[in-house]
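Everything below belongs to model01.pdb, which stores PDB, C-alpha atoms, pLDDT in the B column.
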```
ATOM      1  CA  GLY A   1      18.731 -37.651-191.690  1.00 53.00           C
ATOM      2  CA  ALA A   2      21.570 -39.771-190.458  1.00 78.00           C
ATOM      3  CA  GLY A   3      24.308 -38.262-192.578  1.00 93.00           C
ATOM      4  CA  VAL A   4      25.465 -35.034-194.196  1.00 96.00           C
ATOM      5  CA  SER A   5      23.063 -34.056-196.940  1.00 97.00           C
ATOM      6  CA  GLN A   6      23.879 -31.800-199.878  1.00 98.00           C
ATOM      7  CA  SER A   7      21.589 -30.349-202.490  1.00 97.00           C
ATOM      8  CA  PRO A   8      21.297 -30.307-205.356  1.00 98.00           C
ATOM      9  CA  SER A   9      23.276 -33.420-206.221  1.00 96.00           C
ATOM     10  CA  ASN A  10      23.835 -32.103-209.740  1.00 97.00           C
ATOM     11  CA  LYS A  11      23.641 -28.572-211.083  1.00 98.00           C
ATOM     12  CA  VAL A  12      24.164 -27.378-214.630  1.00 98.00           C
ATOM     13  CA  THR A  13      24.272 -23.637-215.020  1.00 98.00           C
ATOM     14  CA  GLU A  14      25.119 -21.134-217.679  1.00 97.00           C
ATOM     15  CA  LYS A  15      28.279 -19.102-217.432  1.00 97.00           C
ATOM     16  CA  GLY A  16      27.622 -15.836-215.640  1.00 98.00           C
ATOM     17  CA  LYS A  17      24.715 -17.099-213.546  1.00 98.00           C
ATOM     18  CA  ASP A  18      24.762 -17.338-209.741  1.00 98.00           C
ATOM     19  CA  VAL A  19      24.380 -20.665-207.954  1.00 98.00           C
ATOM     20  CA  GLU A  20      23.638 -21.678-204.385  1.00 98.00           C
ATOM     21  CA  LEU A  21      24.767 -24.978-202.949  1.00 98.00           C
ATOM     22  CA  ARG A  22      23.296 -26.247-199.706  1.00 98.00           C
ATOM     23  CA  CYS A  23      24.719 -28.422-196.955  1.00 98.00           C
ATOM     24  CA  ASP A  24      22.756 -29.955-194.075  1.00 97.00           C
ATOM     25  CA  PRO A  25      25.267 -31.250-191.526  1.00 95.00           C
ATOM     26  CA  ILE A  26      24.656 -34.034-189.070  1.00 94.00           C
ATOM     27  CA  SER A  27      22.495 -32.729-186.250  1.00 92.00           C
ATOM     28  CA  GLY A  28      24.576 -31.370-183.401  1.00 89.00           C
ATOM     29  CA  HIS A  29      27.792 -31.075-185.398  1.00 90.00           C
ATOM     30  CA  THR A  30      29.317 -27.667-184.780  1.00 89.00           C
ATOM     31  CA  ALA A  31      32.168 -27.811-187.304  1.00 89.00           C
ATOM     32  CA  LEU A  32      31.393 -27.620-191.023  1.00 91.00           C
ATOM     33  CA  TYR A  33      33.776 -27.642-193.977  1.00 92.00           C
ATOM     34  CA  TRP A  34      33.489 -26.942-197.672  1.00 95.00           C
ATOM     35  CA  TYR A  35      35.923 -28.497-200.128  1.00 94.00           C
ATOM     36  CA  ARG A  36      36.136 -28.475-203.902  1.00 96.00           C
ATOM     37  CA  GLN A  37      37.257 -31.448-205.963  1.00 94.00           C
ATOM     38  CA  SER A  38      37.993 -31.102-209.649  1.00 90.00           C
ATOM     39  CA  LEU A  39      37.920 -34.237-211.801  1.00 82.00           C
ATOM     40  CA  GLY A  40      40.613 -36.634-210.640  1.00 77.00           C
ATOM     41  CA  GLN A  41      42.094 -34.075-208.274  1.00 83.00           C
ATOM     42  CA  GLY A  42      42.500 -33.679-204.534  1.00 87.00           C
ATOM     43  CA  LEU A  43      40.386 -31.918-201.931  1.00 91.00           C
ATOM     44  CA  GLU A  44      40.786 -28.163-202.172  1.00 90.00           C
ATOM     45  CA  PHE A  45      39.822 -26.420-198.936  1.00 89.00           C
ATOM     46  CA  LEU A  46      37.376 -23.539-199.338  1.00 93.00           C
ATOM     47  CA  ILE A  47      36.029 -22.515-195.925  1.00 92.00           C
ATOM     48  CA  TYR A  48      35.479 -23.839-192.438  1.00 88.00           C
ATOM     49  CA  PHE A  49      32.770 -22.908-189.926  1.00 90.00           C
ATOM     50  CA  GLN A  50      32.768 -23.354-186.175  1.00 87.00           C
ATOM     51  CA  GLY A  51      29.172 -22.683-185.229  1.00 88.00           C
ATOM     52  CA  ASN A  52      28.052 -19.747-187.349  1.00 89.00           C
ATOM     53  CA  SER A  53      31.445 -18.099-187.598  1.00 88.00           C
ATOM     54  CA  ALA A  54      34.110 -18.808-190.172  1.00 86.00           C
ATOM     55  CA  PRO A  55      37.569 -18.759-188.551  1.00 78.00           C
ATOM     56  CA  ASP A  56      39.187 -19.607-191.873  1.00 77.00           C
ATOM     57  CA  LYS A  57      38.027 -18.279-195.230  1.00 80.00           C
ATOM     58  CA  SER A  58      41.452 -18.446-196.792  1.00 81.00           C
ATOM     59  CA  GLY A  59      40.521 -21.063-199.347  1.00 88.00           C
ATOM     60  CA  LEU A  60      37.802 -19.144-201.141  1.00 92.00           C
ATOM     61  CA  PRO A  61      39.219 -18.753-204.682  1.00 92.00           C
ATOM     62  CA  SER A  62      37.840 -15.286-205.369  1.00 93.00           C
ATOM     63  CA  ASP A  63      35.334 -12.714-204.185  1.00 94.00           C
ATOM     64  CA  ARG A  64      32.724 -14.446-206.344  1.00 97.00           C
ATOM     65  CA  PHE A  65      32.614 -17.153-203.676  1.00 97.00           C
ATOM     66  CA  SER A  66      30.873 -16.661-200.346  1.00 96.00           C
ATOM     67  CA  ALA A  67      29.396 -18.900-197.705  1.00 96.00           C
ATOM     68  CA  GLU A  68      27.224 -18.535-194.675  1.00 95.00           C
ATOM     69  CA  ARG A  69      25.896 -20.710-191.934  1.00 95.00           C
ATOM     70  CA  THR A  70      22.805 -19.958-189.908  1.00 89.00           C
ATOM     71  CA  GLY A  71      21.567 -21.380-186.643  1.00 88.00           C
ATOM     72  CA  GLY A  72      24.732 -23.419-186.351  1.00 84.00           C
ATOM     73  CA  SER A  73      23.257 -25.819-188.866  1.00 93.00           C
ATOM     74  CA  VAL A  74      22.591 -25.385-192.580  1.00 96.00           C
ATOM     75  CA  SER A  75      25.270 -23.787-194.728  1.00 97.00           C
ATOM     76  CA  THR A  76      25.034 -22.334-198.202  1.00 98.00           C
ATOM     77  CA  LEU A  77      27.905 -21.778-200.587  1.00 98.00           C
ATOM     78  CA  THR A  78      27.167 -19.119-203.192  1.00 98.00           C
ATOM     79  CA  ILE A  79      29.090 -18.662-206.399  1.00 98.00           C
ATOM     80  CA  GLN A  80      28.324 -15.484-208.286  1.00 98.00           C
ATOM     81  CA  ARG A  81      28.887 -14.963-212.018  1.00 98.00           C
ATOM     82  CA  THR A  82      29.956 -18.570-212.488  1.00 98.00           C
ATOM     83  CA  GLN A  83      32.872 -19.375-214.772  1.00 97.00           C
ATOM     84  CA  GLN A  84      33.719 -22.636-216.519  1.00 96.00           C
ATOM     85  CA  GLU A  85      36.654 -23.186-214.166  1.00 95.00           C
ATOM     86  CA  ASP A  86      34.172 -23.351-211.293  1.00 97.00           C
ATOM     87  CA  SER A  87      33.006 -26.728-212.620  1.00 97.00           C
ATOM     88  CA  ALA A  88      33.811 -29.319-209.963  1.00 97.00           C
ATOM     89  CA  VAL A  89      32.297 -31.415-207.205  1.00 96.00           C
ATOM     90  CA  TYR A  90      31.672 -29.350-204.087  1.00 97.00           C
ATOM     91  CA  LEU A  91      31.894 -31.448-200.942  1.00 97.00           C
ATOM     92  CA  CYS A  92      30.652 -30.536-197.506  1.00 97.00           C
ATOM     93  CA  ALA A  93      31.732 -32.277-194.305  1.00 94.00           C
ATOM     94  CA  SER A  94      30.802 -31.883-190.655  1.00 92.00           C
ATOM     95  CA  SER A  95      32.273 -33.018-187.378  1.00 89.00           C
ATOM     96  CA  PRO A  96      31.009 -32.901-183.795  1.00 86.00           C
ATOM     97  CA  GLY A  97      33.168 -29.973-182.792  1.00 74.00           C
ATOM     98  CA  PRO A  98      36.036 -29.133-180.482  1.00 64.00           C
ATOM     99  CA  GLY A  99      38.371 -32.021-180.162  1.00 64.00           C
ATOM    100  CA  ASN A 100      39.792 -34.389-182.678  1.00 60.00           C
ATOM    101  CA  THR A 101      36.859 -36.224-184.119  1.00 74.00           C
ATOM    102  CA  GLU A 102      35.857 -37.704-187.446  1.00 84.00           C
ATOM    103  CA  ALA A 103      34.632 -35.496-190.268  1.00 89.00           C
ATOM    104  CA  PHE A 104      31.721 -36.978-192.233  1.00 93.00           C
ATOM    105  CA  PHE A 105      31.297 -36.052-195.874  1.00 96.00           C
ATOM    106  CA  GLY A 106      28.174 -35.424-197.869  1.00 96.00           C
ATOM    107  CA  GLN A 107      27.733 -36.921-201.313  1.00 96.00           C
ATOM    108  CA  GLY A 108      28.697 -33.669-202.982  1.00 96.00           C
ATOM    109  CA  THR A 109      27.172 -31.348-205.551  1.00 97.00           C
ATOM    110  CA  ARG A 110      28.485 -31.775-209.073  1.00 97.00           C
ATOM    111  CA  LEU A 111      28.494 -28.307-210.641  1.00 98.00           C
ATOM    112  CA  THR A 112      28.847 -27.945-214.388  1.00 97.00           C
ATOM    113  CA  VAL A 113      29.142 -24.480-215.887  1.00 97.00           C
ATOM    114  CA  VAL A 114      28.388 -24.411-219.606  1.00 97.00           C
TER     115      VAL A 114
ATOM    116  CA  GLY B 115      48.689 -22.880-191.340  1.00 75.00           C
ATOM    117  CA  GLU B 116      49.158 -26.594-191.805  1.00 82.00           C
ATOM    118  CA  ASN B 117      50.602 -28.080-194.996  1.00 89.00           C
ATOM    119  CA  VAL B 118      50.258 -31.790-195.773  1.00 94.00           C
ATOM    120  CA  GLU B 119      52.278 -33.519-198.490  1.00 96.00           C
ATOM    121  CA  GLN B 120      51.313 -37.001-199.690  1.00 97.00           C
ATOM    122  CA  HIS B 121      53.323 -39.511-201.729  1.00 97.00           C
ATOM    123  CA  PRO B 122      53.099 -41.234-204.098  1.00 97.00           C
ATOM    124  CA  SER B 123      50.341 -39.684-206.194  1.00 95.00           C
ATOM    125  CA  THR B 124      49.708 -43.034-207.889  1.00 97.00           C
ATOM    126  CA  LEU B 125      50.545 -46.543-206.736  1.00 98.00           C
ATOM    127  CA  SER B 126      50.028 -49.798-208.597  1.00 98.00           C
ATOM    128  CA  VAL B 127      50.445 -53.134-206.806  1.00 98.00           C
ATOM    129  CA  GLN B 128      49.682 -56.752-207.509  1.00 98.00           C
ATOM    130  CA  GLU B 129      46.848 -58.349-205.581  1.00 98.00           C
ATOM    131  CA  GLY B 130      48.195 -59.758-202.330  1.00 97.00           C
ATOM    132  CA  ASP B 131      51.106 -57.337-202.102  1.00 97.00           C
ATOM    133  CA  SER B 132      51.379 -54.560-199.528  1.00 98.00           C
ATOM    134  CA  ALA B 133      50.848 -50.885-200.235  1.00 98.00           C
ATOM    135  CA  VAL B 134      52.354 -47.981-198.308  1.00 98.00           C
ATOM    136  CA  ILE B 135      51.318 -44.326-198.596  1.00 98.00           C
ATOM    137  CA  LYS B 136      53.262 -41.616-196.795  1.00 98.00           C
ATOM    138  CA  CYS B 137      52.357 -38.153-195.606  1.00 98.00           C
ATOM    139  CA  THR B 138      54.300 -35.345-193.985  1.00 97.00           C
ATOM    140  CA  TYR B 139      52.878 -32.383-192.129  1.00 95.00           C
ATOM    141  CA  SER B 140      54.305 -29.025-191.188  1.00 93.00           C
ATOM    142  CA  ASP B 141      52.612 -27.934-187.962  1.00 89.00           C
ATOM    143  CA  SER B 142      54.034 -29.672-184.895  1.00 88.00           C
ATOM    144  CA  ALA B 143      50.821 -28.764-183.035  1.00 86.00           C
ATOM    145  CA  SER B 144      48.803 -31.155-185.228  1.00 89.00           C
ATOM    146  CA  ASN B 145      47.523 -34.025-183.170  1.00 88.00           C
ATOM    147  CA  TYR B 146      44.901 -35.879-185.188  1.00 90.00           C
ATOM    148  CA  PHE B 147      45.619 -37.740-188.430  1.00 94.00           C
ATOM    149  CA  PRO B 148      42.769 -39.437-190.302  1.00 94.00           C
ATOM    150  CA  TRP B 149      42.887 -41.398-193.535  1.00 97.00           C
ATOM    151  CA  TYR B 150      40.007 -41.332-196.004  1.00 97.00           C
ATOM    152  CA  LYS B 151      39.197 -43.667-198.887  1.00 97.00           C
ATOM    153  CA  GLN B 152      37.297 -42.362-201.873  1.00 95.00           C
ATOM    154  CA  GLU B 153      35.951 -44.841-204.387  1.00 95.00           C
ATOM    155  CA  LEU B 154      35.113 -43.625-207.866  1.00 91.00           C
ATOM    156  CA  GLY B 155      32.109 -41.320-207.824  1.00 88.00           C
ATOM    157  CA  LYS B 156      31.597 -41.636-204.076  1.00 92.00           C
ATOM    158  CA  ARG B 157      32.239 -39.496-201.040  1.00 94.00           C
ATOM    159  CA  PRO B 158      35.437 -39.814-198.971  1.00 95.00           C
ATOM    160  CA  GLN B 159      34.992 -42.113-195.987  1.00 95.00           C
ATOM    161  CA  LEU B 160      37.167 -42.492-192.926  1.00 95.00           C
ATOM    162  CA  ILE B 161      39.020 -45.801-192.808  1.00 97.00           C
ATOM    163  CA  ILE B 162      41.387 -45.269-189.883  1.00 96.00           C
ATOM    164  CA  ASP B 163      42.740 -42.455-187.760  1.00 94.00           C
ATOM    165  CA  ILE B 164      45.481 -41.927-185.222  1.00 93.00           C
ATOM    166  CA  ARG B 165      46.047 -39.428-182.469  1.00 89.00           C
ATOM    167  CA  SER B 166      49.389 -37.997-181.485  1.00 83.00           C
ATOM    168  CA  ASN B 167      49.632 -39.901-178.243  1.00 83.00           C
ATOM    169  CA  VAL B 168      49.809 -43.181-180.185  1.00 82.00           C
ATOM    170  CA  GLY B 169      52.578 -44.442-182.483  1.00 91.00           C
ATOM    171  CA  GLU B 170      50.706 -47.143-184.349  1.00 94.00           C
ATOM    172  CA  LYS B 171      47.157 -48.352-184.841  1.00 94.00           C
ATOM    173  CA  LYS B 172      45.894 -51.436-186.668  1.00 96.00           C
ATOM    174  CA  ASP B 173      42.521 -52.502-187.975  1.00 95.00           C
ATOM    175  CA  GLN B 174      42.613 -55.852-189.769  1.00 96.00           C
ATOM    176  CA  ARG B 175      44.619 -55.314-192.988  1.00 97.00           C
ATOM    177  CA  ILE B 176      45.086 -51.591-192.419  1.00 98.00           C
ATOM    178  CA  ALA B 177      47.610 -49.926-190.143  1.00 97.00           C
ATOM    179  CA  VAL B 178      48.769 -46.380-189.609  1.00 98.00           C
ATOM    180  CA  THR B 179      52.062 -45.301-188.062  1.00 97.00           C
ATOM    181  CA  LEU B 180      52.971 -41.865-186.745  1.00 96.00           C
ATOM    182  CA  ASN B 181      56.392 -40.359-186.172  1.00 95.00           C
ATOM    183  CA  LYS B 182      55.846 -37.074-184.352  1.00 92.00           C
ATOM    184  CA  THR B 183      59.498 -36.157-184.275  1.00 93.00           C
ATOM    185  CA  ALA B 184      59.822 -36.427-188.033  1.00 94.00           C
ATOM    186  CA  LYS B 185      56.259 -35.154-188.596  1.00 95.00           C
ATOM    187  CA  HIS B 186      55.238 -37.958-190.868  1.00 95.00           C
ATOM    188  CA  PHE B 187      52.632 -40.677-190.851  1.00 97.00           C
ATOM    189  CA  SER B 188      51.962 -43.616-193.125  1.00 98.00           C
ATOM    190  CA  LEU B 189      49.137 -45.906-194.186  1.00 98.00           C
ATOM    191  CA  HIS B 190      49.945 -49.579-194.654  1.00 98.00           C
ATOM    192  CA  ILE B 191      47.587 -51.967-196.430  1.00 98.00           C
ATOM    193  CA  THR B 192      48.551 -55.632-196.380  1.00 97.00           C
ATOM    194  CA  GLU B 193      47.246 -58.448-198.602  1.00 98.00           C
ATOM    195  CA  THR B 194      45.734 -55.944-201.003  1.00 98.00           C
ATOM    196  CA  GLN B 195      42.546 -56.829-202.842  1.00 97.00           C
ATOM    197  CA  PRO B 196      41.008 -55.332-205.991  1.00 96.00           C
ATOM    198  CA  GLU B 197      38.344 -53.627-203.852  1.00 96.00           C
ATOM    199  CA  ASP B 198      41.119 -51.639-202.170  1.00 98.00           C
ATOM    200  CA  SER B 199      41.501 -49.742-205.451  1.00 97.00           C
ATOM    201  CA  ALA B 200      40.524 -46.134-204.722  1.00 97.00           C
ATOM    202  CA  VAL B 201      41.966 -42.731-203.955  1.00 96.00           C
ATOM    203  CA  TYR B 202      43.319 -42.397-200.426  1.00 97.00           C
ATOM    204  CA  PHE B 203      43.671 -39.061-198.651  1.00 97.00           C
ATOM    205  CA  CYS B 204      45.612 -38.328-195.505  1.00 97.00           C
ATOM    206  CA  ALA B 205      44.779 -35.319-193.354  1.00 94.00           C
ATOM    207  CA  ALA B 206      46.009 -33.466-190.308  1.00 92.00           C
ATOM    208  CA  ARG B 207      44.219 -31.334-187.761  1.00 87.00           C
ATOM    209  CA  TYR B 208      45.904 -29.064-185.266  1.00 72.00           C
ATOM    210  CA  ASN B 209      44.906 -28.343-181.735  1.00 58.00           C
ATOM    211  CA  ALA B 210      44.154 -24.664-182.257  1.00 52.00           C
ATOM    212  CA  GLY B 211      40.864 -25.512-183.900  1.00 59.00           C
ATOM    213  CA  ASN B 212      39.086 -27.934-186.135  1.00 65.00           C
ATOM    214  CA  MET B 213      40.675 -27.044-189.450  1.00 75.00           C
ATOM    215  CA  LEU B 214      41.269 -30.288-191.379  1.00 85.00           C
ATOM    216  CA  THR B 215      43.981 -30.102-194.043  1.00 89.00           C
ATOM    217  CA  PHE B 216      44.195 -32.851-196.656  1.00 92.00           C
ATOM    218  CA  GLY B 217      47.075 -34.243-198.654  1.00 94.00           C
ATOM    219  CA  GLY B 218      46.832 -34.362-202.426  1.00 93.00           C
ATOM    220  CA  GLY B 219      45.647 -37.968-202.563  1.00 95.00           C
ATOM    221  CA  THR B 220      47.068 -41.287-203.782  1.00 97.00           C
ATOM    222  CA  ARG B 221      45.377 -43.305-206.497  1.00 96.00           C
ATOM    223  CA  LEU B 222      45.892 -46.956-205.559  1.00 98.00           C
ATOM    224  CA  MET B 223      45.351 -49.582-208.222  1.00 97.00           C
ATOM    225  CA  VAL B 224      45.379 -53.246-207.217  1.00 98.00           C
ATOM    226  CA  LYS B 225      45.829 -55.555-210.183  1.00 96.00           C
ATOM    227  CA  PRO B 226      44.155 -58.962-209.951  1.00 92.00           C
TER     228      PRO B 226
END
```
In C-alpha cells, what does this structure look like?
Amino acid sequence: GAGVSQSPSNKVTEKGKDVELRCDPISGHTALYWYRQSLGQGLEFLIYFQGNSAPDKSGLPSDRFSAERTGGSVSTLTIQRTQQEDSAVYLCASSPGPGNTEAFFGQGTRLTVV
Amino acid sequence: GENVEQHPSTLSVQEGDSAVIKCTYSDSASNYFPWYKQELGKRPQLIIDIRSNVGEKKDQRIAVTLNKTAKHFSLHITETQPEDSAVYFCAARYNAGNMLTFGGGTRLMVKP
C-alpha cells in the first residue's frame, strides 16, 4: 500500500486479555514509531525502531507492553493482561530513515478495554 | 533526551484573524522541527517543517519560524478559516538518531 497501515482499526477486549496490534510501515522506511493517544490528549511516545532494533524503549508504560519488528518491516505491539487504562488510540508512524525526514502516520488502532 | 513544550493548549480565534502556536525544545542538537495537524478522528498529518539551517519557512497561509539560540519555534497561521480548526502538534528530532518528540498539542478553534 501507499501509506502506513495498522490493524485492526478497532479492538474491544476484556480486561486481563492480551492484545496484538500490527503496523505495516511504508515500504523501505527504516524508522518506525509507536505512540499512544488517549481521548483528547497528546501523543505519548512508546517505542522507536531503527531497522529491527529499538534504540529507545523508554516510553513503554509497564512490562505488560512489548514490541518487536521483524525483517525491518512489520511491527507488532503486544499488551498483556490489558487494563482499562490501556484504552486509547495506538498510532504507528514510519519515516525513511537516517536524516531529518517526514514521519507518516497510520490511521491508528482504537483499543477499548472493557 | 529531548523535551518539547507547546503553548497554548487551546486557542480560539475569529475567522480571518491570525493564530500563533509556540514550542520550546531542550536539546540544542535538535535540527528538524515538523508541525502536524490532526483533525477530529483522523491521523496527524505534516503541514510544514523547518530545518535548523533555516530561520523561517512559508507555505501560503502557514509559516514557521525558528530561533536556535533561544531554542524555540512557532507556527503562524494567517487569515484563519473554520477548516483550520484542529489539534496542532509540534515536534523536534535530534541529530543523534530519528527519535521524534512531540509537544502536548494545541486545540485551535476558528469561529465563523
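All chain B residues having an atom within 6 Å of chain A, based on all atoms listed in the file, amount to Tyr146, Arg157, Gly218 and Gly219 of chain B.
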Using the chain letters and numbers from the file, which residues does the PyMOL selection byres ((chain B and resi 204) around 10) grab, as number ranges by chain? B: 118-121, 135-139, 147-151, 160, 162-163, 187-189, 202-203, 205-206, 215-220
Have a look at CA of Thr70 in chain A and CA of Val19 in chain A and let me know their distance in Å, one decimal.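 For CA of Thr70 in chain A relative to CA of Val19 in chain A, the distance reads 18.1 Å.
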Here's a test: counting only C-alpha atoms, identify every protein, DNA and RNA residue with an atom at most 7 Å from (29.1, -27.3, -212.7) in the file's coordinate frame, and state them as a list in words. Lys11, Val12, Thr13, Asp86, Ser87, Ala88, Arg110, Leu111, Thr112 and Val113 of chain A
Can you list, as a PyMOL selection string, every protein, DNA or RNA residue that comes within 6 Å of Pro196 in chain B when you count only C-alpha atoms, leaving out same-chain residues fewer than 2 positions away? chain B and resi 198-199+224
Considering all atoms listed in the file, return as an MDAnalysis selection string whatever protein or nucleic-acid residues lie within 12 Å of Met223 in chain B, sequence-local ones (same chain, fewer than 3 positions apart) excluded. chainID B and resid 123:129 131:133 153:154 194:202 220 226
To verify the selection step, state as JSON, numbers by chain which residues the PyMOL selection byres ((chain A and resi 6) around 10) yields on this input. {"A": [3, 4, 5, 7, 8, 9, 10, 21, 22, 23, 24, 25, 74, 75, 76, 90, 91, 92, 93, 105, 106, 107, 108, 109]}
Take the PyMOL selection byres ((chain B and resi 175) around 9), apply it to the structure above, and return the hits as a ChimeraX atom specification. /B:172-174,176-177,190-194
Could you put an axis-aligned box around every listed atom of range 9-12 of chain A, padded by 8 Å on each side, and send me its centre and edge lengths in Å to one decimal, as AutoDock Vina command-line options?
```
--center_x 23.7 --center_y -30.4 --center_z -210.4 --size_x 16.9 --size_y 22.0 --size_z 24.4
```
Can you work out which one of A:Lys15, A:Ser27, A:Lys57, A:Glu20 has the shortest atom-to-atom distance to Ser94 in chain A, counting all atoms listed in the file?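 Ranking A:Lys15, A:Ser27, A:Lys57, A:Glu20 by distance to Ser94 in chain A, first place goes to A:Ser27.
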Neighbouring residues of Ser53 in chain A were defined as those with any atom within 9 Å, considering only C-alpha atoms; residues of the same chain fewer than 5 positions away were excluded. Please report them as a ChimeraX atom specification. /A:48,68-69,72
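With CA of Lys185 in chain B on one side and CA of Met213 in chain B on the other, the separation reads 17.6 Å.
With CA of Lys182 in chain B on one side and CA of Ser142 in chain B on the other, the separation reads 7.6 Å.
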Restricting the calculation to only C-alpha atoms, which member of A:Leu60, A:Ala2, A:Ser38, A:Ala54 is positioned closest to Gly155 in chain B?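 Of A:Leu60, A:Ala2, A:Ser38, A:Ala54, the one nearest Gly155 in chain B is A:Ser38, counting only C-alpha atoms.
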Choose the residue, out of A:Thr82, A:Lys17, A:Gly71, A:Leu46, that has the smallest atom-to-atom separation from Leu214 in chain B; count only C-alpha atoms. A:Leu46
Could you extract range 177-184 of chain B of the given structure into a file holding all heavy atoms, as a PDB file, in the first residue's frame?
```pdb
ATOM      1  N   ALA B 177       3.248  29.656   8.190  1.00  0.00           N
ATOM      2  CA  ALA B 177       4.681  29.943   8.277  1.00  0.00           C
ATOM      3  C   ALA B 177       5.213  29.381   9.583  1.00  0.00           C
ATOM      4  O   ALA B 177       4.474  29.242  10.567  1.00  0.00           O
ATOM      5  CB  ALA B 177       4.935  31.450   8.218  1.00  0.00           C
ATOM      6  N   VAL B 178       6.463  29.019   9.572  1.00  0.00           N
ATOM      7  CA  VAL B 178       7.127  28.559  10.787  1.00  0.00           C
ATOM      8  C   VAL B 178       8.411  29.346  10.945  1.00  0.00           C
ATOM      9  O   VAL B 178       9.114  29.615   9.965  1.00  0.00           O
ATOM     10  CB  VAL B 178       7.384  27.036  10.747  1.00  0.00           C
ATOM     11  CG1 VAL B 178       8.215  26.630   9.560  1.00  0.00           C
ATOM     12  CG2 VAL B 178       8.005  26.562  12.039  1.00  0.00           C
ATOM     13  N   THR B 179       8.707  29.767  12.170  1.00  0.00           N
ATOM     14  CA  THR B 179       9.943  30.467  12.469  1.00  0.00           C
ATOM     15  C   THR B 179      10.722  29.669  13.495  1.00  0.00           C
ATOM     16  O   THR B 179      10.138  28.971  14.324  1.00  0.00           O
ATOM     17  CB  THR B 179       9.664  31.879  13.015  1.00  0.00           C
ATOM     18  OG1 THR B 179       8.854  31.768  14.192  1.00  0.00           O
ATOM     19  CG2 THR B 179       8.929  32.721  11.978  1.00  0.00           C
ATOM     20  N   LEU B 180      12.026  29.764  13.432  1.00  0.00           N
ATOM     21  CA  LEU B 180      12.909  29.024  14.336  1.00  0.00           C
ATOM     22  C   LEU B 180      13.953  29.970  14.902  1.00  0.00           C
ATOM     23  O   LEU B 180      14.626  30.681  14.150  1.00  0.00           O
ATOM     24  CB  LEU B 180      13.585  27.877  13.586  1.00  0.00           C
ATOM     25  CG  LEU B 180      14.691  27.122  14.307  1.00  0.00           C
ATOM     26  CD1 LEU B 180      14.138  26.376  15.516  1.00  0.00           C
ATOM     27  CD2 LEU B 180      15.405  26.164  13.355  1.00  0.00           C
ATOM     28  N   ASN B 181      14.099  29.929  16.217  1.00  0.00           N
ATOM     29  CA  ASN B 181      15.155  30.678  16.889  1.00  0.00           C
ATOM     30  C   ASN B 181      16.026  29.658  17.607  1.00  0.00           C
ATOM     31  O   ASN B 181      15.693  29.179  18.692  1.00  0.00           O
ATOM     32  CB  ASN B 181      14.543  31.677  17.881  1.00  0.00           C
ATOM     33  CG  ASN B 181      15.599  32.543  18.557  1.00  0.00           C
ATOM     34  OD1 ASN B 181      16.719  32.092  18.825  1.00  0.00           O
ATOM     35  ND2 ASN B 181      15.261  33.780  18.831  1.00  0.00           N
ATOM     36  N   LYS B 182      17.145  29.311  16.991  1.00  0.00           N
ATOM     37  CA  LYS B 182      18.011  28.269  17.552  1.00  0.00           C
ATOM     38  C   LYS B 182      18.666  28.699  18.856  1.00  0.00           C
ATOM     39  O   LYS B 182      18.870  27.892  19.753  1.00  0.00           O
ATOM     40  CB  LYS B 182      19.091  27.895  16.541  1.00  0.00           C
ATOM     41  CG  LYS B 182      18.602  27.038  15.393  1.00  0.00           C
ATOM     42  CD  LYS B 182      19.753  26.644  14.492  1.00  0.00           C
ATOM     43  CE  LYS B 182      20.776  25.777  15.206  1.00  0.00           C
ATOM     44  NZ  LYS B 182      21.891  25.402  14.315  1.00  0.00           N
ATOM     45  N   THR B 183      18.983  29.960  18.944  1.00  0.00           N
ATOM     46  CA  THR B 183      19.646  30.444  20.157  1.00  0.00           C
ATOM     47  C   THR B 183      18.733  30.288  21.367  1.00  0.00           C
ATOM     48  O   THR B 183      19.150  29.823  22.423  1.00  0.00           O
ATOM     49  CB  THR B 183      20.031  31.919  19.997  1.00  0.00           C
ATOM     50  OG1 THR B 183      20.856  32.055  18.830  1.00  0.00           O
ATOM     51  CG2 THR B 183      20.765  32.429  21.221  1.00  0.00           C
ATOM     52  N   ALA B 184      17.488  30.663  21.176  1.00  0.00           N
ATOM     53  CA  ALA B 184      16.508  30.582  22.261  1.00  0.00           C
ATOM     54  C   ALA B 184      15.859  29.210  22.348  1.00  0.00           C
ATOM     55  O   ALA B 184      15.097  28.940  23.284  1.00  0.00           O
ATOM     56  CB  ALA B 184      15.445  31.656  22.077  1.00  0.00           C
TER      57      ALA B 184
END
```
